[in-house]
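A.B. asks: Next comes start_29.cif, mmCIF, C-alpha atoms:
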```cif
data_data
#
loop_
_atom_site.label_atom_id
_atom_site.label_comp_id
_atom_site.auth_asym_id
_atom_site.auth_seq_id
_atom_site.Cartn_x
_atom_site.Cartn_y
_atom_site.Cartn_z
CA MET N 1 -34.55 -66.69 47.68
CA ASN N 2 -32.30 -63.64 47.71
CA ARG N 3 -34.20 -60.40 47.99
CA ILE N 4 -33.16 -57.07 46.43
CA ILE N 5 -34.94 -53.71 46.68
CA PHE N 6 -34.52 -50.88 44.16
CA VAL N 7 -35.51 -47.37 45.26
CA ASP N 8 -36.02 -44.46 42.83
CA ASP N 9 -38.61 -41.70 42.62
CA GLU N 10 -38.92 -42.17 38.83
CA PRO N 11 -41.35 -45.07 38.19
CA ARG N 12 -40.15 -45.46 34.59
CA LEU N 13 -36.65 -46.14 35.86
CA LEU N 14 -37.96 -48.88 38.16
CA ASP N 15 -39.97 -50.40 35.29
CA GLY N 16 -36.85 -50.38 33.12
CA LEU N 17 -34.85 -52.18 35.81
CA ARG N 18 -37.64 -54.73 36.28
CA ARG N 19 -37.52 -55.53 32.55
CA SER N 20 -33.75 -55.60 32.27
CA LEU N 21 -33.65 -58.06 35.21
CA TRP N 22 -36.43 -60.18 33.70
CA SER N 23 -34.24 -63.27 33.28
CA ARG N 24 -33.37 -63.18 37.02
CA ARG N 25 -36.88 -63.07 38.34
CA SER N 26 -37.03 -66.79 39.06
CA GLN N 27 -33.73 -66.57 41.03
CA TRP N 28 -34.12 -63.29 42.90
CA ASP N 29 -37.06 -61.71 44.62
CA ILE N 30 -36.77 -58.18 43.22
CA CYS N 31 -38.84 -55.42 44.83
CA PHE N 32 -39.30 -51.79 43.80
CA ALA N 33 -40.14 -48.74 45.90
CA GLU N 34 -40.74 -45.16 44.78
CA ASN N 35 -39.42 -43.67 48.00
CA GLY N 36 -37.35 -44.51 51.05
CA ALA N 37 -40.31 -44.82 53.41
CA LEU N 38 -41.94 -47.54 51.27
CA ALA N 39 -38.64 -49.40 51.04
CA LEU N 40 -38.21 -49.26 54.82
CA GLU N 41 -41.66 -50.85 55.23
CA LEU N 42 -40.51 -53.74 53.07
CA LEU N 43 -37.28 -54.01 55.06
CA GLU N 44 -39.20 -54.26 58.32
CA ARG N 45 -41.22 -57.15 56.99
CA TRP N 46 -38.64 -59.35 55.29
CA PRO N 47 -34.90 -60.00 55.29
CA VAL N 48 -33.29 -58.15 52.38
CA ASP N 49 -29.85 -58.90 50.93
CA ILE N 50 -29.21 -55.69 48.95
CA VAL N 51 -30.80 -52.26 48.55
CA VAL N 52 -29.93 -50.16 45.49
CA SER N 53 -31.05 -46.55 45.93
CA ASP N 54 -31.10 -43.29 44.03
CA PHE N 55 -29.48 -40.36 45.85
CA ARG N 56 -31.49 -37.25 44.97
CA MET N 57 -35.09 -37.96 45.92
CA PRO N 58 -37.78 -35.67 47.33
CA GLY N 59 -38.30 -36.21 51.06
CA MET N 60 -35.79 -38.69 52.43
CA ASP N 61 -32.64 -38.58 50.25
CA GLY N 62 -30.45 -41.58 49.49
CA GLY N 63 -28.00 -40.83 52.31
CA GLN N 64 -30.71 -40.60 54.95
CA PHE N 65 -32.43 -43.69 53.57
CA LEU N 66 -29.26 -45.81 53.69
CA GLN N 67 -28.57 -44.65 57.27
CA GLU N 68 -32.03 -45.93 58.20
CA VAL N 69 -31.39 -49.20 56.35
CA ARG N 70 -28.20 -49.66 58.32
CA ARG N 71 -30.02 -49.05 61.60
CA LEU N 72 -33.09 -51.20 60.88
CA SER N 73 -31.41 -53.96 58.93
CA PRO N 74 -27.64 -53.98 59.56
CA ASP N 75 -27.14 -57.15 57.50
CA THR N 76 -28.42 -55.51 54.26
CA VAL N 77 -25.82 -54.37 51.68
CA ARG N 78 -26.21 -50.69 50.70
CA VAL N 79 -25.62 -49.51 47.10
CA VAL N 80 -26.20 -46.11 45.49
CA LEU N 81 -27.29 -45.76 41.85
CA SER N 82 -27.32 -42.05 41.16
CA GLY N 83 -27.75 -39.81 38.12
CA HIS N 84 -25.26 -37.31 39.39
CA THR N 85 -23.15 -37.33 42.54
CA ASP N 86 -20.93 -34.40 43.32
CA GLU N 87 -18.22 -34.46 45.96
CA HIS N 88 -20.56 -33.02 48.55
CA ASP N 89 -23.15 -35.79 47.98
CA LEU N 90 -20.46 -38.39 48.00
CA MET N 91 -19.26 -37.37 51.44
CA ALA N 92 -22.79 -37.87 52.77
CA LEU N 93 -22.56 -41.44 51.48
CA VAL N 94 -18.96 -42.34 52.14
CA GLY N 95 -19.60 -44.10 55.43
CA VAL N 96 -22.94 -45.63 54.72
CA ALA N 97 -22.82 -46.92 51.13
CA HIS N 98 -20.82 -49.97 50.09
CA GLN N 99 -20.79 -49.13 46.38
CA PHE N 100 -21.53 -46.06 44.27
CA LEU N 101 -22.89 -46.64 40.75
CA ILE N 102 -23.75 -43.91 38.28
CA LYS N 103 -26.58 -43.86 35.77
CA PRO N 104 -26.61 -45.00 33.08
CA CYS N 105 -25.26 -48.27 34.48
CA PRO N 106 -25.15 -51.09 31.89
CA PRO N 107 -27.50 -53.97 32.85
CA ASN N 108 -24.67 -56.52 32.88
CA ALA N 109 -22.59 -54.37 35.27
CA LEU N 110 -25.51 -54.20 37.69
CA VAL N 111 -26.12 -57.95 37.44
CA ASN N 112 -22.40 -58.71 37.94
CA MET N 113 -22.24 -56.52 41.02
CA ILE N 114 -25.33 -58.18 42.51
CA GLU N 115 -24.00 -61.67 41.77
CA ARG N 116 -20.62 -60.87 43.32
CA ILE N 117 -22.25 -59.58 46.50
CA LEU N 118 -24.70 -62.48 46.76
CA SER N 119 -21.97 -65.05 46.31
CA ALA N 120 -19.84 -63.31 48.97
CA ARG N 121 -22.84 -63.42 51.30
CA ALA N 122 -23.33 -67.12 50.66
CA GLY N 123 -19.61 -67.55 51.44
CA LEU N 124 -19.98 -65.84 54.81
CA ALA N 125 -23.01 -67.69 56.04
CA SER N 126 -22.37 -67.06 59.75
CA LEU N 127 -24.79 -64.28 60.60
CA PRO N 128 -23.10 -63.25 63.89
CA LEU N 129 -20.01 -62.43 61.82
CA ARG N 130 -21.67 -61.14 58.65
CA LYS N 131 -24.03 -58.69 60.33
CA PRO N 132 -21.37 -56.51 62.05
CA MET N 133 -19.23 -56.65 58.87
CA THR N 134 -22.14 -55.41 56.72
CA ALA N 135 -23.02 -52.71 59.25
CA LEU N 136 -19.41 -51.47 59.48
CA GLU N 137 -19.09 -47.92 58.10
CA ALA N 138 -15.31 -47.69 57.91
CA LEU N 139 -12.26 -49.29 59.46
CA PRO N 140 -10.63 -47.45 62.35
CA CYS N 141 -8.08 -44.91 61.07
CA SER N 142 -5.16 -43.43 62.93
CA THR N 143 -5.72 -39.88 64.12
CA ALA N 144 -2.23 -38.89 62.99
CA ALA N 145 -2.85 -40.01 59.39
CA LEU N 146 -6.22 -38.24 59.24
CA GLU N 147 -4.68 -35.04 60.58
CA ASP N 148 -1.83 -35.25 58.08
CA LEU N 149 -4.27 -35.72 55.23
CA GLU N 150 -6.36 -32.77 56.37
CA ARG N 151 -3.29 -30.55 56.67
CA LEU N 152 -1.95 -31.62 53.27
CA THR N 153 -5.25 -31.15 51.42
CA ALA N 154 -5.77 -27.73 53.02
CA GLY N 155 -2.58 -26.51 51.37
CA PRO N 156 -2.15 -25.45 47.74
CA SER N 157 -2.36 -28.33 45.22
CA PRO N 158 -0.55 -31.26 46.86
CA SER N 159 0.97 -33.73 44.39
CA ASP N 160 -0.42 -37.25 43.86
CA ASP N 161 2.74 -38.68 45.40
CA GLU N 162 2.37 -36.58 48.55
CA LEU N 163 -1.27 -37.63 48.90
CA ALA N 164 -0.49 -41.30 48.29
CA ALA N 165 2.33 -41.18 50.86
CA VAL N 166 -0.18 -40.19 53.57
CA ILE N 167 -2.91 -42.59 52.50
CA GLU N 168 -0.65 -45.61 52.34
CA ARG N 169 0.32 -45.11 55.99
CA ASP N 170 -3.13 -46.07 57.15
CA VAL N 171 -5.17 -49.21 56.34
CA GLY N 172 -8.49 -47.50 57.07
CA LEU N 173 -7.73 -44.58 54.77
CA ALA N 174 -6.22 -46.75 52.04
CA SER N 175 -9.15 -49.16 52.00
CA LYS N 176 -11.68 -46.30 51.89
CA ALA N 177 -9.79 -44.61 49.04
CA LEU N 178 -9.72 -47.86 47.05
CA GLN N 179 -13.39 -48.52 47.74
CA LEU N 180 -14.28 -45.03 46.48
CA VAL N 181 -12.04 -45.06 43.46
CA ASN N 182 -13.21 -48.48 42.31
CA SER N 183 -16.80 -47.32 42.30
CA SER N 184 -17.93 -46.08 38.91
CA PHE N 185 -18.19 -42.44 40.03
CA PHE N 186 -14.42 -42.12 39.90
CA ALA N 187 -13.32 -45.09 37.84
CA PRO N 188 -15.49 -45.72 34.82
CA ALA N 189 -13.12 -48.22 33.29
CA ALA N 190 -10.22 -50.12 34.80
CA LYS N 191 -9.91 -51.31 38.37
CA VAL N 192 -7.40 -49.37 40.48
CA THR N 193 -4.91 -50.94 42.89
CA SER N 194 -2.28 -48.18 42.99
CA LEU N 195 -2.75 -45.64 45.78
CA ARG N 196 -1.03 -43.01 43.66
CA GLU N 197 -3.56 -43.58 40.89
CA ALA N 198 -6.34 -43.55 43.51
CA SER N 199 -5.09 -40.16 44.77
CA ARG N 200 -4.93 -38.79 41.24
CA ARG N 201 -8.49 -39.82 40.43
CA LEU N 202 -10.04 -38.82 43.74
CA GLY N 203 -8.24 -35.49 43.83
CA SER N 204 -7.37 -33.25 46.73
CA THR N 205 -10.91 -31.93 47.34
CA ALA N 206 -12.54 -35.36 47.63
CA LEU N 207 -9.71 -36.59 49.86
CA ARG N 208 -10.13 -33.57 52.09
CA GLY N 209 -13.83 -34.36 52.39
CA LEU N 210 -12.98 -37.97 53.10
CA SER N 211 -10.58 -37.16 55.94
CA HIS N 212 -13.15 -34.73 57.35
CA GLU N 213 -15.90 -37.38 57.29
CA LEU N 214 -13.67 -40.02 58.84
CA VAL N 215 -12.56 -37.69 61.64
CA GLN N 216 -16.19 -37.05 62.54
CA SER N 217 -17.60 -40.53 62.23
CA GLN N 218 -14.77 -42.74 63.24
CA SER N 219 -13.46 -44.95 65.94
CA ARG N 220 -9.74 -44.36 65.74
CA THR N 221 -6.51 -46.00 66.73
CA GLU N 222 -4.83 -43.67 69.19
CA PRO N 223 -1.15 -44.16 69.82
CA GLY N 224 -0.88 -46.28 72.93
CA ASP N 225 -4.56 -47.31 73.07
CA ASP N 226 -5.63 -50.91 73.46
CA GLY N 227 -2.74 -52.07 71.31
CA ARG N 228 -4.40 -54.64 69.06
CA LEU N 229 -5.55 -52.14 66.40
CA ALA N 230 -2.24 -50.27 66.41
CA ARG N 231 -0.29 -53.56 66.21
CA LEU N 232 -2.33 -54.68 63.20
CA HIS N 233 -1.73 -51.33 61.50
CA SER N 234 2.03 -51.42 61.85
CA HIS N 235 2.12 -55.10 60.88
CA ALA N 236 0.19 -54.25 57.67
CA LEU N 237 2.58 -51.45 56.81
CA ALA N 238 5.65 -53.58 57.39
CA THR N 239 4.18 -56.31 55.17
CA ALA N 240 3.27 -53.87 52.39
CA ARG N 241 6.69 -52.20 52.39
CA ARG N 242 8.41 -55.51 51.66
CA THR N 243 6.59 -55.77 48.30
CA ARG N 244 7.46 -54.49 44.84
CA SER N 245 4.28 -54.11 42.79
CA ASP N 246 1.13 -52.03 43.38
CA ASP N 247 -1.05 -55.16 43.56
CA ASP N 248 1.21 -56.77 46.14
CA PHE N 249 1.53 -53.56 48.14
CA CYS N 250 -2.26 -53.31 48.28
CA ALA N 251 -2.65 -56.94 49.23
CA GLY N 252 0.00 -56.52 51.94
CA LEU N 253 -1.72 -53.49 53.37
CA LEU N 254 -5.24 -54.87 53.09
CA HIS N 255 -4.61 -58.38 54.35
CA VAL N 256 -5.29 -57.11 57.89
CA VAL N 257 -8.74 -55.76 56.93
CA GLY N 258 -10.53 -58.88 58.24
CA PRO N 259 -8.70 -59.05 61.59
CA LEU N 260 -8.92 -55.25 61.94
CA ALA N 261 -12.66 -55.17 61.22
CA MET N 262 -13.26 -57.98 63.71
CA ALA N 263 -11.19 -56.23 66.36
CA ALA N 264 -13.06 -52.98 65.68
CA CYS N 265 -16.44 -54.71 66.07
CA SER N 266 -15.50 -56.72 69.14
CA GLY N 267 -16.26 -53.81 71.48
CA THR N 268 -19.76 -53.20 70.21
CA GLU N 269 -20.67 -56.68 68.97
CA PRO N 270 -19.97 -59.27 71.63
CA GLY N 271 -20.74 -62.07 69.16
CA ALA N 272 -17.96 -61.02 66.80
CA SER N 273 -15.18 -61.29 69.37
CA THR N 274 -15.52 -65.06 69.54
CA PHE N 275 -14.25 -65.37 65.95
CA THR N 276 -10.56 -65.09 66.53
CA ASP N 277 -9.32 -67.80 64.21
CA ARG N 278 -7.57 -67.05 60.97
CA SER N 279 -10.11 -68.53 58.58
CA ALA N 280 -12.91 -66.44 60.12
CA ALA N 281 -10.74 -63.32 59.76
CA ALA N 282 -9.95 -64.25 56.16
CA SER N 283 -13.64 -64.77 55.35
CA ALA N 284 -14.58 -61.47 57.00
CA GLY N 285 -11.91 -59.64 54.98
CA ALA N 286 -12.87 -61.33 51.70
CA TYR N 287 -16.50 -60.43 52.32
CA LEU N 288 -15.68 -56.73 52.87
CA PHE N 289 -13.51 -56.63 49.73
CA GLU N 290 -16.43 -57.93 47.68
CA LEU N 291 -18.84 -55.42 49.24
CA TRP N 292 -16.41 -52.65 48.32
CA GLY N 293 -15.98 -53.92 44.74
CA LEU N 294 -12.19 -54.24 44.99
CA PRO N 295 -10.32 -55.85 42.07
CA PRO N 296 -10.40 -59.69 42.23
CA GLU N 297 -6.59 -60.03 42.13
CA VAL N 298 -6.26 -57.98 45.32
CA VAL N 299 -9.11 -59.88 46.98
CA TYR N 300 -7.44 -63.17 46.18
CA ALA N 301 -3.92 -62.18 47.21
CA ALA N 302 -4.96 -60.47 50.44
CA THR N 303 -7.21 -63.36 51.45
CA ARG N 304 -4.51 -65.95 50.82
CA GLN N 305 -2.02 -63.86 52.75
CA VAL N 306 -4.07 -63.61 55.93
CA LEU N 307 -4.55 -67.39 56.00
CA GLU N 308 -0.79 -67.88 56.08
CA CYS N 309 0.06 -64.87 58.22
CA GLU N 310 1.62 -65.27 61.65
CA GLY N 311 1.69 -61.52 62.34
CA CYS N 312 -2.08 -61.09 62.26
CA SER N 313 -2.80 -63.38 65.19
CA GLN N 314 -0.51 -61.51 67.59
CA MET C 1 -15.62 -6.40 39.17
CA ASN C 2 -12.42 -8.27 39.70
CA GLU C 3 -11.79 -10.35 36.56
CA GLU C 4 -10.69 -13.45 38.43
CA ALA C 5 -13.78 -13.46 40.63
CA SER C 6 -16.02 -13.16 37.60
CA ARG C 7 -14.21 -16.05 35.89
CA ASP C 8 -14.65 -18.15 39.03
CA ARG C 9 -18.34 -17.38 39.12
CA GLU C 10 -18.67 -18.28 35.47
CA ARG C 11 -16.86 -21.58 36.02
CA LEU C 12 -19.09 -22.39 38.98
CA GLN C 13 -22.18 -21.64 36.90
CA ILE C 14 -21.02 -23.93 34.12
CA GLU C 15 -20.20 -26.69 36.59
CA ARG C 16 -23.66 -26.44 38.13
CA LEU C 17 -25.28 -26.45 34.73
CA ALA C 18 -23.30 -29.53 33.69
CA ALA C 19 -24.25 -31.29 36.92
CA GLY C 20 -27.89 -30.40 36.37
CA ILE C 21 -27.87 -31.71 32.80
CA ALA C 22 -26.08 -34.91 33.87
CA HIS C 23 -28.64 -35.50 36.56
CA GLU C 24 -31.65 -34.85 34.32
CA ILE C 25 -30.41 -36.84 31.35
CA ASN C 26 -28.89 -39.85 33.08
CA THR C 27 -32.17 -41.12 34.48
CA PRO C 28 -33.91 -41.43 31.06
CA LEU C 29 -30.65 -42.82 29.63
CA GLN C 30 -30.76 -45.55 32.28
CA TYR C 31 -34.30 -46.65 31.46
CA ILE C 32 -33.86 -46.37 27.70
CA GLY C 33 -30.88 -48.74 28.00
CA ASP C 34 -32.74 -51.12 30.30
CA ASN C 35 -35.76 -51.31 28.03
CA LEU C 36 -33.59 -51.89 24.96
CA GLU C 37 -31.77 -54.68 26.78
CA PHE C 38 -35.13 -56.25 27.59
CA LEU C 39 -36.24 -55.96 23.94
CA ARG C 40 -32.98 -57.47 22.71
CA ARG C 41 -33.53 -60.52 24.89
CA ALA C 42 -37.23 -60.73 24.08
CA PHE C 43 -36.40 -60.70 20.37
CA ALA C 44 -33.80 -63.44 20.84
CA SER C 45 -36.43 -65.59 22.51
CA LEU C 46 -38.75 -65.18 19.53
CA ARG C 47 -36.04 -66.37 17.19
CA TYR C 48 -34.69 -69.13 19.41
CA PRO C 49 -37.65 -70.06 21.60
CA CYS C 50 -35.77 -72.66 23.62
CA GLY C 51 -32.56 -70.80 24.30
CA GLY C 52 -33.91 -67.40 25.19
CA GLU C 53 -36.12 -65.70 27.72
CA GLY C 54 -39.36 -67.27 26.56
CA CYS C 55 -38.17 -70.80 27.22
CA GLY C 56 -40.48 -72.26 29.83
CA PRO C 57 -44.18 -72.41 30.56
CA HIS C 58 -46.58 -70.90 28.05
CA SER C 59 -47.69 -68.26 30.58
CA GLU C 60 -44.08 -67.00 30.85
CA ARG C 61 -44.00 -66.30 27.13
CA GLY C 62 -47.37 -64.56 27.35
CA ALA C 63 -46.13 -62.31 30.16
CA LEU C 64 -42.96 -61.56 28.24
CA SER C 65 -44.72 -60.57 25.02
CA SER C 66 -47.25 -58.37 26.82
CA GLU C 67 -44.31 -56.39 28.22
CA VAL C 68 -42.89 -55.68 24.75
CA PRO C 69 -45.19 -52.80 23.70
CA GLU C 70 -44.73 -51.18 27.12
CA ALA C 71 -40.96 -51.43 26.83
CA VAL C 72 -41.06 -49.77 23.41
CA ALA C 73 -43.28 -46.99 24.75
CA ALA C 74 -41.02 -46.45 27.77
CA ALA C 75 -37.89 -46.18 25.63
CA ARG C 76 -39.66 -43.64 23.38
CA GLU C 77 -40.72 -41.62 26.41
CA GLY C 78 -37.11 -41.57 27.54
CA VAL C 79 -35.99 -40.18 24.20
CA GLU C 80 -38.71 -37.53 24.39
CA ALA C 81 -37.67 -36.60 27.93
CA ILE C 82 -34.09 -36.01 26.78
CA ALA C 83 -35.28 -34.01 23.74
CA ARG C 84 -37.34 -31.80 26.07
CA ILE C 85 -34.32 -31.16 28.30
CA VAL C 86 -32.20 -30.18 25.31
CA GLN C 87 -34.96 -27.92 23.97
CA THR C 88 -35.31 -26.21 27.36
CA LEU C 89 -31.60 -25.50 27.37
CA LYS C 90 -31.71 -24.09 23.83
CA ASP C 91 -34.54 -21.78 24.85
CA GLY C 92 -32.44 -20.55 27.75
CA GLY C 93 -34.96 -21.87 30.28
CA THR C 94 -34.30 -23.49 33.63
CA LEU C 95 -34.17 -27.14 34.58
CA ASP C 96 -35.96 -28.05 37.75
CA GLY C 97 -34.09 -31.02 39.07
CA LYS C 98 -35.22 -32.92 42.11
CA GLY C 99 -35.46 -30.05 44.54
CA THR C 100 -32.76 -28.04 42.80
CA THR C 101 -33.06 -25.36 40.18
CA PHE C 102 -30.30 -25.16 37.65
CA SER C 103 -29.98 -21.91 35.83
CA ALA C 104 -29.42 -22.50 32.16
CA GLY C 105 -28.53 -18.88 31.48
CA LEU C 106 -24.93 -19.30 30.36
CA PRO C 107 -22.76 -16.21 30.37
CA ARG C 108 -22.61 -14.99 26.78
CA GLN C 109 -19.40 -14.35 24.95
CA ALA C 110 -18.46 -10.70 25.33
CA PRO C 111 -18.59 -8.86 21.98
CA SER C 112 -15.08 -8.36 20.67
#
```
As structure tokens - that is how I would like this structure written.
C.D. replies:
Amino acid sequence: MNRIIFVDDEPRLLDGLRRSLWSRRSQWDICFAENGALALELLERWPVDIVVSDFRMPGMDGGQFLQEVRRLSPDTVRVVLSGHTDEHDLMALVGVAHQFLIKPCPPNALVNMIERILSARAGLASLPLRKPMTALEALPCSTAALEDLERLTAGPSPSDDELAAVIERDVGLASKALQLVNSSFFAPAAKVTSLREASRRLGSTALRGLSHELVQSQSRTEPGDDGRLARLHSHALATARRTRSDDDFCAGLLHVVGPLAMAACSGTEPGASTFTDRSAAASAGAYLFELWGLPPEVVYAATRQVLECEGCSQ
Amino acid sequence: MNEEASRDRERLQIERLAAGIAHEINTPLQYIGDNLEFLRRAFASLRYPCGGEGCGPHSERGALSSEVPEAVAAAREGVEAIARIVQTLKDGGTLDGKGTTFSAGLPRQAPS
């Protein structure tokens, strides 16, 4: 049975979640913990598919807790459900959380998110592949793009177009921006596939924080280094620039996410490097898109594209 | 004091206050909504016993109905918690969030 842990220091909130998920209790093993330490004890004992945690808690906060989850149980999906998240909090979570929900989150939205993640996990049953994908904090970004973004956001009010022009040059940056903007903190309603719209919603301050976090925490693609990561990046850009709509541009850019993530993990995870075929790369990419809550049309188009793509295997 | 600096400070204060209120109120809002959702489904199962939540073994229905009074009480507590927060703000008091103190003392309009 799939196991999910909810963590919040307010017991009434946990009771409310238990009742609103009543109809799922025969399908899911749902556990509740009033602090991070208790949740980590559960994680050490049993495999857990998803943790959903508050951010502001006495003692260990949500960011520290999710870091520990990632270390102890890399195959567990990490979600934040927070009452208030400012840009500073968000930056503490940007690498470690897969999705960011805000309270009050409608019960059906929570259930849909959980179902989407569980079905993606069932679709990527191979643990040697799924574990490094779930543990992944961010895709490698190019140093040049991160520096450009930092320089641009340090200046006086850059326009949305200027911001989008930097973000769309880098798959790591673009995918992180879309992941953030499609979480409910920034996008309460419609799903976003345009990088210009993503820039507008995130704003210069959040993007500055993002580039700062990625510079500190990231493996990067240096010009002239190993070659595979840089090749995938320029192949993604060339593919995206041949398209006309926002959805297609996104799909073109993101279709290399699977191959890129596998290449990024191959150094640290020897098991992952054996999966070099296209369908494994497509499954890895599709899995990450679902963890990030990207719009289904982009998930579908990008996944189909990588299956047919010659450029990705070079 | 420089007028711009004082406006900036005022804006910052309001932003912090808004963040504090959001944080304090959103937790009870979450559990009020969750308990109401539970009650909605529990009620549906009373009306349509074989299509709703209570469909299944007798013990399931027993467990469900024993949760109902607790769900009602929890939702009421949530409403009271929000009312308390609003009252505190009206009285010009402070909200003690989780480890953070939010000053509710808003800058008053200068007399014209």
A.B. asks: Figure out the distance between CA of Arg12 in chain N and CA of Glu87 in chain N, please, to one decimal in Å.
C.D. replies: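 Atom-to-atom, CA of Glu87 in chain N to CA of Arg12 in chain N, that is 27.0 Å.
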A.B. asks: Residues of chain N no more than 7 Å from chain C, counting all atoms listed in the file: send them over as a PDB file with C-alpha atoms, in the frame of the given file.
C.D. replies:
```pdb
ATOM      1  CA  ARG N  12     -40.150 -45.460  34.590  1.00  0.00           C
ATOM      2  CA  LEU N  13     -36.650 -46.140  35.860  1.00  0.00           C
ATOM      3  CA  GLY N  16     -36.850 -50.380  33.120  1.00  0.00           C
ATOM      4  CA  LEU N  17     -34.850 -52.180  35.810  1.00  0.00           C
ATOM      5  CA  ARG N  19     -37.520 -55.530  32.550  1.00  0.00           C
ATOM      6  CA  SER N  20     -33.750 -55.600  32.270  1.00  0.00           C
ATOM      7  CA  SER N  23     -34.240 -63.270  33.280  1.00  0.00           C
ATOM      8  CA  ARG N  56     -31.490 -37.250  44.970  1.00  0.00           C
ATOM      9  CA  MET N  57     -35.090 -37.960  45.920  1.00  0.00           C
ATOM     10  CA  PRO N  58     -37.780 -35.670  47.330  1.00  0.00           C
ATOM     11  CA  GLY N  83     -27.750 -39.810  38.120  1.00  0.00           C
ATOM     12  CA  HIS N  84     -25.260 -37.310  39.390  1.00  0.00           C
ATOM     13  CA  LYS N 103     -26.580 -43.860  35.770  1.00  0.00           C
ATOM     14  CA  PRO N 104     -26.610 -45.000  33.080  1.00  0.00           C
ATOM     15  CA  CYS N 105     -25.260 -48.270  34.480  1.00  0.00           C
ATOM     16  CA  PRO N 107     -27.500 -53.970  32.850  1.00  0.00           C
TER      17      PRO N 107
END
```
A.B. asks: The PyMOL selection byres ((chain N and resi 237-243) around 12) - which residues does that actually catch in the file I just gave you? List them as a PyMOL selection string.
C.D. replies: chain N and resi 165+167-172+174+230-236+244-256+302+305-306+309-312
A.B. asks: I need the residue set behind the PyMOL selection byres ((chain N and resi 41) around 12) for this file; please write it as a list of chain:residue names.
C.D. replies: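 This file, filtered by the PyMOL selection byres ((chain N and resi 41) around 12), leaves N:Ile5, N:Cys31, N:Phe32, N:Ala33, N:Glu34, N:Asn35, N:Gly36, N:Ala37, N:Leu38, N:Ala39, N:Leu40, N:Leu42, N:Leu43, N:Glu44, N:Arg45, N:Trp46, N:Pro47, N:Val48, N:Phe65, N:Glu68, N:Val69, N:Leu72, N:Ser73.
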A.B. asks: So that I have them on file, write out the residues from the current selection with C-alpha atoms, as a PDB file, in the frame of the given file.
C.D. replies:
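Contents of the output file part.pdb:
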```pdb
ATOM      1  CA  ILE N   5     -34.940 -53.710  46.680  1.00  0.00           C
ATOM      2  CA  CYS N  31     -38.840 -55.420  44.830  1.00  0.00           C
ATOM      3  CA  PHE N  32     -39.300 -51.790  43.800  1.00  0.00           C
ATOM      4  CA  ALA N  33     -40.140 -48.740  45.900  1.00  0.00           C
ATOM      5  CA  GLU N  34     -40.740 -45.160  44.780  1.00  0.00           C
ATOM      6  CA  ASN N  35     -39.420 -43.670  48.000  1.00  0.00           C
ATOM      7  CA  GLY N  36     -37.350 -44.510  51.050  1.00  0.00           C
ATOM      8  CA  ALA N  37     -40.310 -44.820  53.410  1.00  0.00           C
ATOM      9  CA  LEU N  38     -41.940 -47.540  51.270  1.00  0.00           C
ATOM     10  CA  ALA N  39     -38.640 -49.400  51.040  1.00  0.00           C
ATOM     11  CA  LEU N  40     -38.210 -49.260  54.820  1.00  0.00           C
ATOM     12  CA  LEU N  42     -40.510 -53.740  53.070  1.00  0.00           C
ATOM     13  CA  LEU N  43     -37.280 -54.010  55.060  1.00  0.00           C
ATOM     14  CA  GLU N  44     -39.200 -54.260  58.320  1.00  0.00           C
ATOM     15  CA  ARG N  45     -41.220 -57.150  56.990  1.00  0.00           C
ATOM     16  CA  TRP N  46     -38.640 -59.350  55.290  1.00  0.00           C
ATOM     17  CA  PRO N  47     -34.900 -60.000  55.290  1.00  0.00           C
ATOM     18  CA  VAL N  48     -33.290 -58.150  52.380  1.00  0.00           C
ATOM     19  CA  PHE N  65     -32.430 -43.690  53.570  1.00  0.00           C
ATOM     20  CA  GLU N  68     -32.030 -45.930  58.200  1.00  0.00           C
ATOM     21  CA  VAL N  69     -31.390 -49.200  56.350  1.00  0.00           C
ATOM     22  CA  LEU N  72     -33.090 -51.200  60.880  1.00  0.00           C
ATOM     23  CA  SER N  73     -31.410 -53.960  58.930  1.00  0.00           C
TER      24      SER N  73
END
```
A.B. asks: Quote the spacing between CA of Val181 in chain N and CA of Pro295 in chain N in Å to one decimal place.
C.D. replies: 11.0 Å
A.B. asks: Axis-aligned box over every listed atom of range 9-24 of chain C, padded by 8 Å per side: centre and edges in Å to one decimal, as AutoDock Vina command-line options?
C.D. replies:
```
--center_x -24.3 --center_y -26.4 --center_z 36.0 --size_x 30.8 --size_y 34.1 --size_z 22.3
```
A.B. asks: Of the candidates N:Val166, N:Ile114, N:Met91, N:Leu195, which shows the shortest atom-to-atom distance to Gln27 in chain N, using all atoms listed in the file?
C.D. replies: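 Smallest separation from Gln27 in chain N among the options: N:Ile114.
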